$ cat my_file_28.pdb   # PDB, C-alpha atoms and all ligand atoms
ATOM      1  CA  MET A  30     -15.149   4.106 -84.004  1.00  0.00           C
ATOM      2  CA  SER A  31     -15.609   7.574 -82.583  1.00  0.00           C
ATOM      3  CA  THR A  32     -15.069  10.923 -84.262  1.00  0.00           C
ATOM      4  CA  HIS A  33     -12.982  13.330 -82.282  1.00  0.00           C
ATOM      5  CA  ARG A  34     -14.758  16.599 -81.756  1.00  0.00           C
ATOM      6  CA  THR A  35     -14.129  19.997 -80.305  1.00  0.00           C
ATOM      7  CA  ILE A  36     -16.310  20.155 -77.224  1.00  0.00           C
ATOM      8  CA  GLY A  37     -17.257  23.339 -75.393  1.00  0.00           C
ATOM      9  CA  VAL A  38     -17.595  23.206 -71.636  1.00  0.00           C
ATOM     10  CA  LEU A  39     -19.328  26.151 -69.962  1.00  0.00           C
ATOM     11  CA  GLY A  40     -18.601  26.035 -66.249  1.00  0.00           C
ATOM     12  CA  ALA A  41     -15.375  24.756 -64.750  1.00  0.00           C
ATOM     13  CA  GLY A  42     -16.599  23.554 -61.379  1.00  0.00           C
ATOM     14  CA  GLU A  43     -16.865  19.956 -60.261  1.00  0.00           C
ATOM     15  CA  VAL A  44     -19.039  18.829 -63.145  1.00  0.00           C
ATOM     16  CA  GLY A  45     -17.359  20.868 -65.899  1.00  0.00           C
ATOM     17  CA  GLN A  46     -13.953  19.584 -64.829  1.00  0.00           C
ATOM     18  CA  ALA A  47     -15.166  15.978 -64.743  1.00  0.00           C
ATOM     19  CA  VAL A  48     -16.649  16.265 -68.236  1.00  0.00           C
ATOM     20  CA  ALA A  49     -13.542  17.997 -69.607  1.00  0.00           C
ATOM     21  CA  ASP A  50     -11.318  15.296 -68.145  1.00  0.00           C
ATOM     22  CA  LYS A  51     -13.409  12.530 -69.704  1.00  0.00           C
ATOM     23  CA  ALA A  52     -13.417  14.313 -73.074  1.00  0.00           C
ATOM     24  CA  VAL A  53      -9.642  14.845 -73.306  1.00  0.00           C
ATOM     25  CA  ARG A  54      -8.963  11.289 -72.132  1.00  0.00           C
ATOM     26  CA  HIS A  55     -11.002  10.107 -75.101  1.00  0.00           C
ATOM     27  CA  GLY A  56      -9.101  12.266 -77.554  1.00  0.00           C
ATOM     28  CA  HIS A  57     -11.457  15.222 -77.912  1.00  0.00           C
ATOM     29  CA  GLU A  58     -10.377  18.859 -77.885  1.00  0.00           C
ATOM     30  CA  VAL A  59     -11.950  20.864 -75.052  1.00  0.00           C
ATOM     31  CA  LEU A  60     -12.611  24.592 -74.861  1.00  0.00           C
ATOM     32  CA  ILE A  61     -13.496  25.358 -71.255  1.00  0.00           C
ATOM     33  CA  GLY A  62     -14.737  28.691 -69.934  1.00  0.00           C
ATOM     34  CA  ASN A  63     -16.253  30.292 -66.863  1.00  0.00           C
ATOM     35  CA  SER A  64     -17.489  33.757 -65.938  1.00  0.00           C
ATOM     36  CA  ARG A  65     -14.169  34.989 -64.501  1.00  0.00           C
ATOM     37  CA  GLY A  66     -12.036  34.448 -67.601  1.00  0.00           C
ATOM     38  CA  PRO A  67      -9.385  32.039 -68.930  1.00  0.00           C
ATOM     39  CA  ARG A  68      -6.603  33.205 -66.634  1.00  0.00           C
ATOM     40  CA  THR A  69      -8.468  31.680 -63.677  1.00  0.00           C
ATOM     41  CA  LEU A  70      -8.371  28.300 -65.443  1.00  0.00           C
ATOM     42  CA  GLU A  71      -4.654  28.028 -66.188  1.00  0.00           C
ATOM     43  CA  ALA A  72      -3.906  25.470 -63.458  1.00  0.00           C
ATOM     44  CA  LEU A  73      -6.902  23.416 -64.547  1.00  0.00           C
ATOM     45  CA  VAL A  74      -5.901  23.220 -68.214  1.00  0.00           C
ATOM     46  CA  ASP A  75      -2.326  22.412 -67.217  1.00  0.00           C
ATOM     47  CA  ARG A  76      -3.756  19.415 -65.374  1.00  0.00           C
ATOM     48  CA  LEU A  77      -6.025  18.463 -68.263  1.00  0.00           C
ATOM     49  CA  GLY A  78      -3.187  18.532 -70.770  1.00  0.00           C
ATOM     50  CA  PRO A  79      -2.668  19.823 -74.311  1.00  0.00           C
ATOM     51  CA  LYS A  80      -6.113  18.895 -75.617  1.00  0.00           C
ATOM     52  CA  ALA A  81      -7.748  21.400 -73.257  1.00  0.00           C
ATOM     53  CA  ARG A  82      -7.740  25.166 -73.698  1.00  0.00           C
ATOM     54  CA  ALA A  83      -8.983  27.804 -71.257  1.00  0.00           C
ATOM     55  CA  VAL A  84     -11.095  30.316 -73.156  1.00  0.00           C
ATOM     56  CA  THR A  85     -13.737  32.976 -72.630  1.00  0.00           C
ATOM     57  CA  ALA A  86     -17.321  31.870 -72.101  1.00  0.00           C
ATOM     58  CA  GLU A  87     -18.093  33.146 -75.619  1.00  0.00           C
ATOM     59  CA  GLU A  88     -15.427  30.869 -77.125  1.00  0.00           C
ATOM     60  CA  ALA A  89     -16.525  27.883 -75.017  1.00  0.00           C
ATOM     61  CA  ALA A  90     -20.031  28.347 -76.425  1.00  0.00           C
ATOM     62  CA  LYS A  91     -18.830  28.199 -80.061  1.00  0.00           C
ATOM     63  CA  PRO A  92     -18.461  24.441 -80.739  1.00  0.00           C
ATOM     64  CA  GLU A  93     -21.329  22.443 -82.168  1.00  0.00           C
ATOM     65  CA  LEU A  94     -21.538  20.444 -78.929  1.00  0.00           C
ATOM     66  CA  VAL A  95     -21.452  22.301 -75.622  1.00  0.00           C
ATOM     67  CA  PHE A  96     -21.786  20.971 -72.078  1.00  0.00           C
ATOM     68  CA  LEU A  97     -23.599  23.389 -69.860  1.00  0.00           C
ATOM     69  CA  SER A  98     -22.324  22.996 -66.306  1.00  0.00           C
ATOM     70  CA  VAL A  99     -23.098  26.329 -64.692  1.00  0.00           C
ATOM     71  CA  PRO A 100     -25.513  27.021 -61.835  1.00  0.00           C
ATOM     72  CA  PHE A 101     -29.118  26.874 -63.033  1.00  0.00           C
ATOM     73  CA  PHE A 102     -29.784  30.490 -62.076  1.00  0.00           C
ATOM     74  CA  ALA A 103     -26.860  31.607 -64.294  1.00  0.00           C
ATOM     75  CA  VAL A 104     -28.379  30.136 -67.467  1.00  0.00           C
ATOM     76  CA  PRO A 105     -30.085  33.395 -68.588  1.00  0.00           C
ATOM     77  CA  GLU A 106     -26.596  34.960 -68.753  1.00  0.00           C
ATOM     78  CA  LEU A 107     -25.651  32.461 -71.479  1.00  0.00           C
ATOM     79  CA  THR A 108     -28.253  33.548 -74.050  1.00  0.00           C
ATOM     80  CA  ARG A 109     -26.059  36.359 -75.393  1.00  0.00           C
ATOM     81  CA  LEU A 110     -22.880  34.242 -75.710  1.00  0.00           C
ATOM     82  CA  THR A 111     -23.471  32.809 -79.170  1.00  0.00           C
ATOM     83  CA  THR A 112     -26.040  31.872 -81.792  1.00  0.00           C
ATOM     84  CA  TRP A 113     -27.363  28.714 -80.206  1.00  0.00           C
ATOM     85  CA  SER A 114     -29.517  27.564 -83.106  1.00  0.00           C
ATOM     86  CA  GLY A 115     -28.669  23.992 -84.156  1.00  0.00           C
ATOM     87  CA  LYS A 116     -26.054  23.405 -81.471  1.00  0.00           C
ATOM     88  CA  ILE A 117     -26.224  20.340 -79.268  1.00  0.00           C
ATOM     89  CA  VAL A 118     -26.287  21.462 -75.639  1.00  0.00           C
ATOM     90  CA  VAL A 119     -25.868  18.908 -72.868  1.00  0.00           C
ATOM     91  CA  ASP A 120     -27.726  20.343 -69.906  1.00  0.00           C
ATOM     92  CA  THR A 121     -26.195  19.006 -66.677  1.00  0.00           C
ATOM     93  CA  THR A 122     -27.847  21.611 -64.441  1.00  0.00           C
ATOM     94  CA  ASN A 123     -30.031  21.088 -61.400  1.00  0.00           C
ATOM     95  CA  GLN A 124     -32.689  23.573 -60.560  1.00  0.00           C
ATOM     96  CA  PHE A 125     -31.250  25.204 -57.435  1.00  0.00           C
ATOM     97  CA  ALA A 126     -32.266  28.809 -56.833  1.00  0.00           C
ATOM     98  CA  ALA A 127     -28.946  29.920 -55.326  1.00  0.00           C
ATOM     99  CA  ALA A 128     -25.457  28.762 -54.403  1.00  0.00           C
ATOM    100  CA  GLY A 129     -24.757  27.269 -50.968  1.00  0.00           C
ATOM    101  CA  PRO A 130     -26.215  24.594 -48.727  1.00  0.00           C
ATOM    102  CA  TYR A 131     -29.862  25.801 -48.353  1.00  0.00           C
ATOM    103  CA  ARG A 132     -30.452  26.575 -51.947  1.00  0.00           C
ATOM    104  CA  GLY A 133     -34.188  26.128 -52.567  1.00  0.00           C
ATOM    105  CA  ARG A 134     -35.671  25.306 -55.904  1.00  0.00           C
ATOM    106  CA  TYR A 135     -35.789  27.809 -58.766  1.00  0.00           C
ATOM    107  CA  ASP A 136     -39.418  28.303 -59.770  1.00  0.00           C
ATOM    108  CA  VAL A 137     -39.985  27.699 -63.481  1.00  0.00           C
ATOM    109  CA  GLY A 138     -43.743  27.173 -63.219  1.00  0.00           C
ATOM    110  CA  ASP A 139     -45.068  24.238 -65.199  1.00  0.00           C
ATOM    111  CA  LEU A 140     -41.896  23.819 -67.263  1.00  0.00           C
ATOM    112  CA  THR A 141     -39.298  21.178 -66.592  1.00  0.00           C
ATOM    113  CA  GLY A 142     -35.860  22.572 -65.798  1.00  0.00           C
ATOM    114  CA  SER A 143     -34.500  21.629 -69.215  1.00  0.00           C
ATOM    115  CA  GLU A 144     -37.472  23.101 -71.062  1.00  0.00           C
ATOM    116  CA  TRP A 145     -36.711  26.347 -69.210  1.00  0.00           C
ATOM    117  CA  VAL A 146     -33.009  26.056 -70.091  1.00  0.00           C
ATOM    118  CA  ALA A 147     -33.879  25.408 -73.752  1.00  0.00           C
ATOM    119  CA  GLY A 148     -36.028  28.549 -73.711  1.00  0.00           C
ATOM    120  CA  HIS A 149     -32.913  30.596 -72.916  1.00  0.00           C
ATOM    121  CA  LEU A 150     -30.834  29.063 -75.734  1.00  0.00           C
ATOM    122  CA  PRO A 151     -32.947  29.753 -78.841  1.00  0.00           C
ATOM    123  CA  GLY A 152     -32.879  26.891 -81.327  1.00  0.00           C
ATOM    124  CA  ALA A 153     -30.402  24.775 -79.329  1.00  0.00           C
ATOM    125  CA  ARG A 154     -30.951  21.032 -79.366  1.00  0.00           C
ATOM    126  CA  VAL A 155     -30.897  20.459 -75.616  1.00  0.00           C
ATOM    127  CA  VAL A 156     -30.206  17.048 -74.125  1.00  0.00           C
ATOM    128  CA  LYS A 157     -30.517  16.641 -70.373  1.00  0.00           C
ATOM    129  CA  ALA A 158     -27.802  14.321 -69.026  1.00  0.00           C
ATOM    130  CA  LEU A 159     -25.498  13.661 -66.060  1.00  0.00           C
ATOM    131  CA  ASN A 160     -27.450  15.928 -63.688  1.00  0.00           C
ATOM    132  CA  THR A 161     -28.806  12.951 -61.739  1.00  0.00           C
ATOM    133  CA  LEU A 162     -25.300  11.822 -60.764  1.00  0.00           C
ATOM    134  CA  TYR A 163     -23.079  13.249 -58.025  1.00  0.00           C
ATOM    135  CA  ALA A 164     -19.984  14.912 -59.448  1.00  0.00           C
ATOM    136  CA  PRO A 165     -17.484  12.418 -57.960  1.00  0.00           C
ATOM    137  CA  PHE A 166     -19.309   9.638 -59.813  1.00  0.00           C
ATOM    138  CA  ILE A 167     -19.205  11.631 -63.061  1.00  0.00           C
ATOM    139  CA  ALA A 168     -15.470  12.087 -62.547  1.00  0.00           C
ATOM    140  CA  ALA A 169     -14.720   8.456 -61.691  1.00  0.00           C
ATOM    141  CA  ASP A 170     -14.475   5.610 -64.174  1.00  0.00           C
ATOM    142  CA  PRO A 171     -18.112   4.621 -64.805  1.00  0.00           C
ATOM    143  CA  ARG A 172     -17.114   1.065 -65.725  1.00  0.00           C
ATOM    144  CA  HIS A 173     -17.363  -1.283 -62.750  1.00  0.00           C
ATOM    145  CA  ALA A 174     -17.059  -5.040 -62.456  1.00  0.00           C
ATOM    146  CA  GLU A 175     -20.822  -5.115 -61.720  1.00  0.00           C
ATOM    147  CA  GLY A 176     -21.802  -2.972 -64.704  1.00  0.00           C
ATOM    148  CA  ARG A 177     -21.631   0.493 -66.240  1.00  0.00           C
ATOM    149  CA  LEU A 178     -23.015   3.543 -64.468  1.00  0.00           C
ATOM    150  CA  VAL A 179     -26.268   4.593 -66.116  1.00  0.00           C
ATOM    151  CA  ALA A 180     -26.356   8.078 -67.640  1.00  0.00           C
ATOM    152  CA  PHE A 181     -29.983   8.990 -68.339  1.00  0.00           C
ATOM    153  CA  CYS A 182     -30.632  11.195 -71.363  1.00  0.00           C
ATOM    154  CA  ALA A 183     -33.710  13.201 -72.277  1.00  0.00           C
ATOM    155  CA  GLY A 184     -34.202  15.424 -75.296  1.00  0.00           C
ATOM    156  CA  ASP A 185     -36.615  16.377 -78.039  1.00  0.00           C
ATOM    157  CA  ASP A 186     -34.171  16.050 -80.964  1.00  0.00           C
ATOM    158  CA  ALA A 187     -33.446  12.400 -81.748  1.00  0.00           C
ATOM    159  CA  ASP A 188     -30.182  13.063 -83.601  1.00  0.00           C
ATOM    160  CA  ALA A 189     -28.816  15.268 -80.818  1.00  0.00           C
ATOM    161  CA  LYS A 190     -29.787  12.710 -78.203  1.00  0.00           C
ATOM    162  CA  ALA A 191     -28.122   9.925 -80.183  1.00  0.00           C
ATOM    163  CA  ALA A 192     -24.932  11.984 -80.489  1.00  0.00           C
ATOM    164  CA  VAL A 193     -24.848  12.673 -76.746  1.00  0.00           C
ATOM    165  CA  ALA A 194     -25.662   9.063 -75.890  1.00  0.00           C
ATOM    166  CA  GLY A 195     -22.821   7.960 -78.169  1.00  0.00           C
ATOM    167  CA  LEU A 196     -20.392  10.286 -76.429  1.00  0.00           C
ATOM    168  CA  LEU A 197     -21.486   9.149 -72.963  1.00  0.00           C
ATOM    169  CA  ASP A 198     -21.167   5.505 -73.999  1.00  0.00           C
ATOM    170  CA  GLU A 199     -17.682   6.303 -75.283  1.00  0.00           C
ATOM    171  CA  PHE A 200     -16.867   7.812 -71.858  1.00  0.00           C
ATOM    172  CA  GLY A 201     -17.846   4.430 -70.350  1.00  0.00           C
ATOM    173  CA  PHE A 202     -21.370   5.215 -69.129  1.00  0.00           C
ATOM    174  CA  ALA A 203     -24.450   3.250 -70.118  1.00  0.00           C
ATOM    175  CA  ALA A 204     -26.599   5.924 -71.764  1.00  0.00           C
ATOM    176  CA  LEU A 205     -30.322   5.312 -71.304  1.00  0.00           C
ATOM    177  CA  ASP A 206     -32.953   7.241 -73.269  1.00  0.00           C
ATOM    178  CA  LEU A 207     -35.849   8.514 -71.158  1.00  0.00           C
ATOM    179  CA  GLY A 208     -37.709  10.359 -73.898  1.00  0.00           C
ATOM    180  CA  GLY A 209     -38.281  14.073 -74.274  1.00  0.00           C
ATOM    181  CA  LEU A 210     -37.432  17.105 -72.142  1.00  0.00           C
ATOM    182  CA  ARG A 211     -40.939  17.037 -70.657  1.00  0.00           C
ATOM    183  CA  GLU A 212     -41.464  13.453 -69.567  1.00  0.00           C
ATOM    184  CA  GLY A 213     -37.796  12.378 -69.278  1.00  0.00           C
ATOM    185  CA  GLY A 214     -36.749  15.751 -67.905  1.00  0.00           C
ATOM    186  CA  ARG A 215     -39.344  15.505 -65.160  1.00  0.00           C
ATOM    187  CA  LEU A 216     -37.989  12.142 -64.015  1.00  0.00           C
ATOM    188  CA  MET A 217     -34.406  13.441 -64.028  1.00  0.00           C
ATOM    189  CA  GLN A 218     -34.757  16.881 -62.517  1.00  0.00           C
ATOM    190  CA  LEU A 219     -34.380  17.829 -58.882  1.00  0.00           C
ATOM    191  CA  ASP A 220     -37.004  15.888 -56.840  1.00  0.00           C
ATOM    192  CA  GLY A 221     -37.741  13.685 -59.877  1.00  0.00           C
ATOM    193  CA  ALA A 222     -37.869   9.909 -59.381  1.00  0.00           C
ATOM    194  CA  LEU A 223     -34.380   9.437 -60.815  1.00  0.00           C
ATOM    195  CA  SER A 224     -32.641  12.434 -59.226  1.00  0.00           C
ATOM    196  CA  GLY A 225     -29.584  11.246 -57.327  1.00  0.00           C
ATOM    197  CA  LYS A 226     -30.108   7.632 -58.374  1.00  0.00           C
ATOM    198  CA  HIS A 227     -26.915   5.822 -59.325  1.00  0.00           C
ATOM    199  CA  LEU A 228     -27.654   2.611 -61.172  1.00  0.00           C
ATOM    200  CA  LEU A 229     -25.338   0.079 -62.753  1.00  0.00           C
ATOM    201  CA  LEU A 230     -26.383  -1.634 -65.962  1.00  0.00           C
ATOM    202  CA  GLN A 231     -25.065  -5.099 -66.609  1.00  0.00           C
ATOM    203  CA  ASP A 232     -25.105  -6.216 -70.207  1.00  0.00           C
ATOM    204  CA  VAL A 233     -25.992  -9.913 -70.230  1.00  0.00           C
ATOM    205  CA  GLY A 234     -25.665 -12.115 -73.233  1.00  0.00           C
TER
HETATM  206  N1  LIG B 301     -21.838  19.038 -57.937  1.00  0.00           N
HETATM  207  C1  LIG B 301     -22.599  17.999 -58.263  1.00  0.00           C
HETATM  208  O1  LIG B 301     -22.538  16.923 -57.647  1.00  0.00           O
HETATM  209  C2  LIG B 301     -23.524  18.102 -59.446  1.00  0.00           C
HETATM  210  C3  LIG B 301     -23.948  16.915 -60.059  1.00  0.00           C
HETATM  211  C4  LIG B 301     -24.765  16.977 -61.182  1.00  0.00           C
HETATM  212  C5  LIG B 301     -25.183  18.204 -61.665  1.00  0.00           C
HETATM  213  N2  LIG B 301     -24.796  19.347 -61.043  1.00  0.00           N
HETATM  214  C6  LIG B 301     -25.256  20.626 -61.615  1.00  0.00           C
HETATM  215  O2  LIG B 301     -24.298  20.958 -62.623  1.00  0.00           O
HETATM  216  C7  LIG B 301     -24.062  22.367 -62.620  1.00  0.00           C
HETATM  217  C8  LIG B 301     -22.608  22.613 -62.245  1.00  0.00           C
HETATM  218  O3  LIG B 301     -22.394  22.064 -60.971  1.00  0.00           O
HETATM  219  P1  LIG B 301     -20.955  22.196 -60.235  1.00  0.00           P
HETATM  220  O4  LIG B 301     -21.091  21.460 -58.986  1.00  0.00           O
HETATM  221  O5  LIG B 301     -19.898  21.882 -61.198  1.00  0.00           O
HETATM  222  O6  LIG B 301     -20.972  23.758 -59.926  1.00  0.00           O
HETATM  223  P2  LIG B 301     -19.791  24.668 -59.398  1.00  0.00           P
HETATM  224  O7  LIG B 301     -18.703  23.816 -58.844  1.00  0.00           O
HETATM  225  O8  LIG B 301     -20.425  25.721 -58.557  1.00  0.00           O
HETATM  226  O9  LIG B 301     -19.246  25.346 -60.744  1.00  0.00           O
HETATM  227  C9  LIG B 301     -20.028  26.232 -61.487  1.00  0.00           C
HETATM  228  C10 LIG B 301     -19.176  26.776 -62.621  1.00  0.00           C
HETATM  229  O10 LIG B 301     -19.992  27.610 -63.429  1.00  0.00           O
HETATM  230  C11 LIG B 301     -19.278  28.801 -63.726  1.00  0.00           C
HETATM  231  N3  LIG B 301     -20.191  29.898 -64.022  1.00  0.00           N
HETATM  232  C12 LIG B 301     -21.075  30.511 -63.208  1.00  0.00           C
HETATM  233  N4  LIG B 301     -21.755  31.451 -63.883  1.00  0.00           N
HETATM  234  C13 LIG B 301     -21.288  31.427 -65.154  1.00  0.00           C
HETATM  235  C14 LIG B 301     -21.593  32.169 -66.313  1.00  0.00           C
HETATM  236  N5  LIG B 301     -22.525  33.105 -66.333  1.00  0.00           N
HETATM  237  N6  LIG B 301     -20.899  31.899 -67.438  1.00  0.00           N
HETATM  238  C15 LIG B 301     -19.936  30.956 -67.467  1.00  0.00           C
HETATM  239  N7  LIG B 301     -19.611  30.203 -66.369  1.00  0.00           N
HETATM  240  C16 LIG B 301     -20.283  30.449 -65.238  1.00  0.00           C
HETATM  241  C17 LIG B 301     -18.455  29.051 -62.492  1.00  0.00           C
HETATM  242  O11 LIG B 301     -17.368  29.882 -62.827  1.00  0.00           O
HETATM  243  P3  LIG B 301     -17.083  31.260 -62.092  1.00  0.00           P
HETATM  244  O12 LIG B 301     -16.602  30.883 -60.748  1.00  0.00           O
HETATM  245  O13 LIG B 301     -16.067  31.950 -62.933  1.00  0.00           O
HETATM  246  O14 LIG B 301     -18.395  31.969 -62.052  1.00  0.00           O
HETATM  247  C18 LIG B 301     -17.996  27.631 -62.160  1.00  0.00           C
HETATM  248  O15 LIG B 301     -16.870  27.298 -62.921  1.00  0.00           O
HETATM  249  C19 LIG B 301     -25.054  22.967 -61.624  1.00  0.00           C
HETATM  250  O16 LIG B 301     -26.201  23.355 -62.304  1.00  0.00           O
HETATM  251  C20 LIG B 301     -25.333  21.801 -60.682  1.00  0.00           C
HETATM  252  O17 LIG B 301     -26.588  21.925 -60.053  1.00  0.00           O
HETATM  253  C21 LIG B 301     -23.961  19.330 -59.956  1.00  0.00           C
END

$ encode --input "my_file_28.pdb" --output "structure tokens" --more "lines below"
Ligand SMILES: NC(=O)c1ccc[n+]([C@@H]2O[C@H](COP(=O)([O-])OP(=O)(O)OC[C@H]3O[C@@H](n4cnc5c(N)ncnc54)[C@H](OP(=O)(O)O)[C@@H]3O)[C@@H](O)[C@H]2O)c1
Amino acid sequence: MSTHRTIGVLGAGEVGQAVADKAVRHGHEVLIGNSRGPRTLEALVDRLGPKARAVTAEEAAKPELVFLSVPFFAVPELTRLTTWSGKIVVDTTNQFAAAGPYRGRYDVGDLTGSEWVAGHLPGARVVKALNTLYAPFIAADPRHAEGRLVAFCAGDDADAKAAVAGLLDEFGFAALDLGGLREGGRLMQLDGALSGKHLLLQDVG
């Protein structure tokens, strides 16, 4: 039995829209924001229905659980939006240095992408998830006759990771814990062994 939440979604592109759609379909309230303001999202929230509201980025950052679906290089702009301490942040980003087709990789030194993201959101309980999947597969029904689409999760806070895994399971994915932001994050990030891998998990028994 799931608890309906208010979920913030920062970024209203392909991934943010897919997440928002999943959330409202499962009865959650969604506050979705981008950098250009709520008026640019009116058509989107009309499509999503009454459980979705277009808001400023500051308001989308307020809920206790926030999906972060902005370009990686925009993450430093999010620090000032709210007091992040204690919030669960689902980091769906991939470490591209710029928008467009030849984007290069943003250099974060020895850190994993999600460790770097967490460093910009002081005190947030960051869980890396969904970034390994292509947006159309995040948007589609993850339940297939052959099994459920695997949604890897990595994070350093066990309770936050369990909450995110529960939500992803509710959405129909098969959440799979890969450990912390360092070891799991490295497998999941751009060029990691699991980047772009779409696996189906069949529950037997
Ligand atoms: N596309 C995929 O297949 C895919 C799959 C998995 C993960 N990812 C990753 O997930 C993230 C989102 O991907 P996407 O494809 O959805 O990107 P996208 O279509 O380019 O959308 C990005 C969204 O972020 C918003 N944004 C940019 N800067 C912002 C800021 N400072 N504050 C608030 N909102 C801001 C943009 O709004 P404005 O236009 O108003 O700036 C836009 O709504 C990226 O990090 C990407 O690498 C993508």

$ atom_distance --input "my_file_28.pdb" --atom1 "atom CA of A:Thr69" --atom2 "atom C11 of ligand LIG 301 (chain B)"
11.2 Å

$ residues_near_ligand --input "my_file_28.pdb" --ligand "ligand LIG 301 (chain B)" --cutoff "7 Å" --atoms "all atoms listed in the file" --output "PDB file with C-alpha atoms, keeping the file's coordinate frame"
ATOM      1  CA  LEU A  39     -19.328  26.151 -69.962  1.00  0.00           C
ATOM      2  CA  GLY A  40     -18.601  26.035 -66.249  1.00  0.00           C
ATOM      3  CA  ALA A  41     -15.375  24.756 -64.750  1.00  0.00           C
ATOM      4  CA  GLY A  42     -16.599  23.554 -61.379  1.00  0.00           C
ATOM      5  CA  GLU A  43     -16.865  19.956 -60.261  1.00  0.00           C
ATOM      6  CA  VAL A  44     -19.039  18.829 -63.145  1.00  0.00           C
ATOM      7  CA  GLY A  45     -17.359  20.868 -65.899  1.00  0.00           C
ATOM      8  CA  GLY A  62     -14.737  28.691 -69.934  1.00  0.00           C
ATOM      9  CA  ASN A  63     -16.253  30.292 -66.863  1.00  0.00           C
ATOM     10  CA  SER A  64     -17.489  33.757 -65.938  1.00  0.00           C
ATOM     11  CA  ARG A  65     -14.169  34.989 -64.501  1.00  0.00           C
ATOM     12  CA  GLY A  66     -12.036  34.448 -67.601  1.00  0.00           C
ATOM     13  CA  ALA A  86     -17.321  31.870 -72.101  1.00  0.00           C
ATOM     14  CA  SER A  98     -22.324  22.996 -66.306  1.00  0.00           C
ATOM     15  CA  VAL A  99     -23.098  26.329 -64.692  1.00  0.00           C
ATOM     16  CA  PRO A 100     -25.513  27.021 -61.835  1.00  0.00           C
ATOM     17  CA  PHE A 101     -29.118  26.874 -63.033  1.00  0.00           C
ATOM     18  CA  ALA A 103     -26.860  31.607 -64.294  1.00  0.00           C
ATOM     19  CA  VAL A 104     -28.379  30.136 -67.467  1.00  0.00           C
ATOM     20  CA  GLU A 106     -26.596  34.960 -68.753  1.00  0.00           C
ATOM     21  CA  LEU A 107     -25.651  32.461 -71.479  1.00  0.00           C
ATOM     22  CA  THR A 121     -26.195  19.006 -66.677  1.00  0.00           C
ATOM     23  CA  THR A 122     -27.847  21.611 -64.441  1.00  0.00           C
ATOM     24  CA  ASN A 123     -30.031  21.088 -61.400  1.00  0.00           C
ATOM     25  CA  GLN A 124     -32.689  23.573 -60.560  1.00  0.00           C
ATOM     26  CA  PHE A 125     -31.250  25.204 -57.435  1.00  0.00           C
ATOM     27  CA  LEU A 159     -25.498  13.661 -66.060  1.00  0.00           C
ATOM     28  CA  ASN A 160     -27.450  15.928 -63.688  1.00  0.00           C
ATOM     29  CA  THR A 161     -28.806  12.951 -61.739  1.00  0.00           C
ATOM     30  CA  LEU A 162     -25.300  11.822 -60.764  1.00  0.00           C
ATOM     31  CA  TYR A 163     -23.079  13.249 -58.025  1.00  0.00           C
ATOM     32  CA  ALA A 164     -19.984  14.912 -59.448  1.00  0.00           C
ATOM     33  CA  PRO A 165     -17.484  12.418 -57.960  1.00  0.00           C
TER      34      PRO A 165
END

$ atom_distance --input "my_file_28.pdb" --atom1 "atom CA of A:Gly148" --atom2 "atom CA of A:Phe181"
21.2 Å

$ resolve_selection --input "my_file_28.pdb" --expression "the PyMOL selection byres (((chain A and resi 201) around 7) and not hetatm)" --output "list in words"
Pro171, Arg172, Arg177, Leu197, Asp198, Glu199, Phe200, Phe202 and Ala203 of chain A

$ closest_residue --input "my_file_28.pdb" --among "A:Leu205, A:Ala126, A:Leu228, A:Ile117" --to "A:Asp186" --atoms "all atoms listed in the file"
A:Ile117

$ residues_around --input "my_file_28.pdb" --residues "stretch 153-155 of chain A" --least-positions-apart "3" --cutoff "6 Å" --atoms "all atoms listed in the file" --output "PDB file with C-alpha atoms, keeping the file's coordinate frame"
ATOM      1  CA  TRP A 113     -27.363  28.714 -80.206  1.00  0.00           C
ATOM      2  CA  SER A 114     -29.517  27.564 -83.106  1.00  0.00           C
ATOM      3  CA  GLY A 115     -28.669  23.992 -84.156  1.00  0.00           C
ATOM      4  CA  LYS A 116     -26.054  23.405 -81.471  1.00  0.00           C
ATOM      5  CA  ILE A 117     -26.224  20.340 -79.268  1.00  0.00           C
ATOM      6  CA  VAL A 118     -26.287  21.462 -75.639  1.00  0.00           C
ATOM      7  CA  VAL A 119     -25.868  18.908 -72.868  1.00  0.00           C
ATOM      8  CA  LEU A 150     -30.834  29.063 -75.734  1.00  0.00           C
TER       9      LEU A 150
END

$ build_atoms --input "my_file_28.pdb" --residues "stretch 42-48 of chain A" --atoms "N, CA and C atoms" --output "PDB file, keeping the file's coordinate frame"
ATOM      1  N   GLY A  42     -16.519  24.063 -62.749  1.00  0.00           N
ATOM      2  CA  GLY A  42     -16.599  23.554 -61.379  1.00  0.00           C
ATOM      3  C   GLY A  42     -16.449  22.042 -61.394  1.00  0.00           C
ATOM      4  N   GLU A  43     -17.033  21.413 -60.401  1.00  0.00           N
ATOM      5  CA  GLU A  43     -16.865  19.956 -60.261  1.00  0.00           C
ATOM      6  C   GLU A  43     -17.330  19.200 -61.502  1.00  0.00           C
ATOM      7  N   VAL A  44     -18.477  19.582 -62.013  1.00  0.00           N
ATOM      8  CA  VAL A  44     -19.039  18.829 -63.145  1.00  0.00           C
ATOM      9  C   VAL A  44     -18.297  19.165 -64.436  1.00  0.00           C
ATOM     10  N   GLY A  45     -18.076  20.463 -64.683  1.00  0.00           N
ATOM     11  CA  GLY A  45     -17.359  20.868 -65.899  1.00  0.00           C
ATOM     12  C   GLY A  45     -15.977  20.229 -65.969  1.00  0.00           C
ATOM     13  N   GLN A  46     -15.293  20.188 -64.851  1.00  0.00           N
ATOM     14  CA  GLN A  46     -13.953  19.584 -64.829  1.00  0.00           C
ATOM     15  C   GLN A  46     -14.028  18.082 -65.113  1.00  0.00           C
ATOM     16  N   ALA A  47     -15.033  17.427 -64.537  1.00  0.00           N
ATOM     17  CA  ALA A  47     -15.166  15.978 -64.743  1.00  0.00           C
ATOM     18  C   ALA A  47     -15.436  15.671 -66.218  1.00  0.00           C
ATOM     19  N   VAL A  48     -16.314  16.460 -66.821  1.00  0.00           N
ATOM     20  CA  VAL A  48     -16.649  16.265 -68.236  1.00  0.00           C
ATOM     21  C   VAL A  48     -15.424  16.536 -69.107  1.00  0.00           C
TER      22      VAL A  48
END
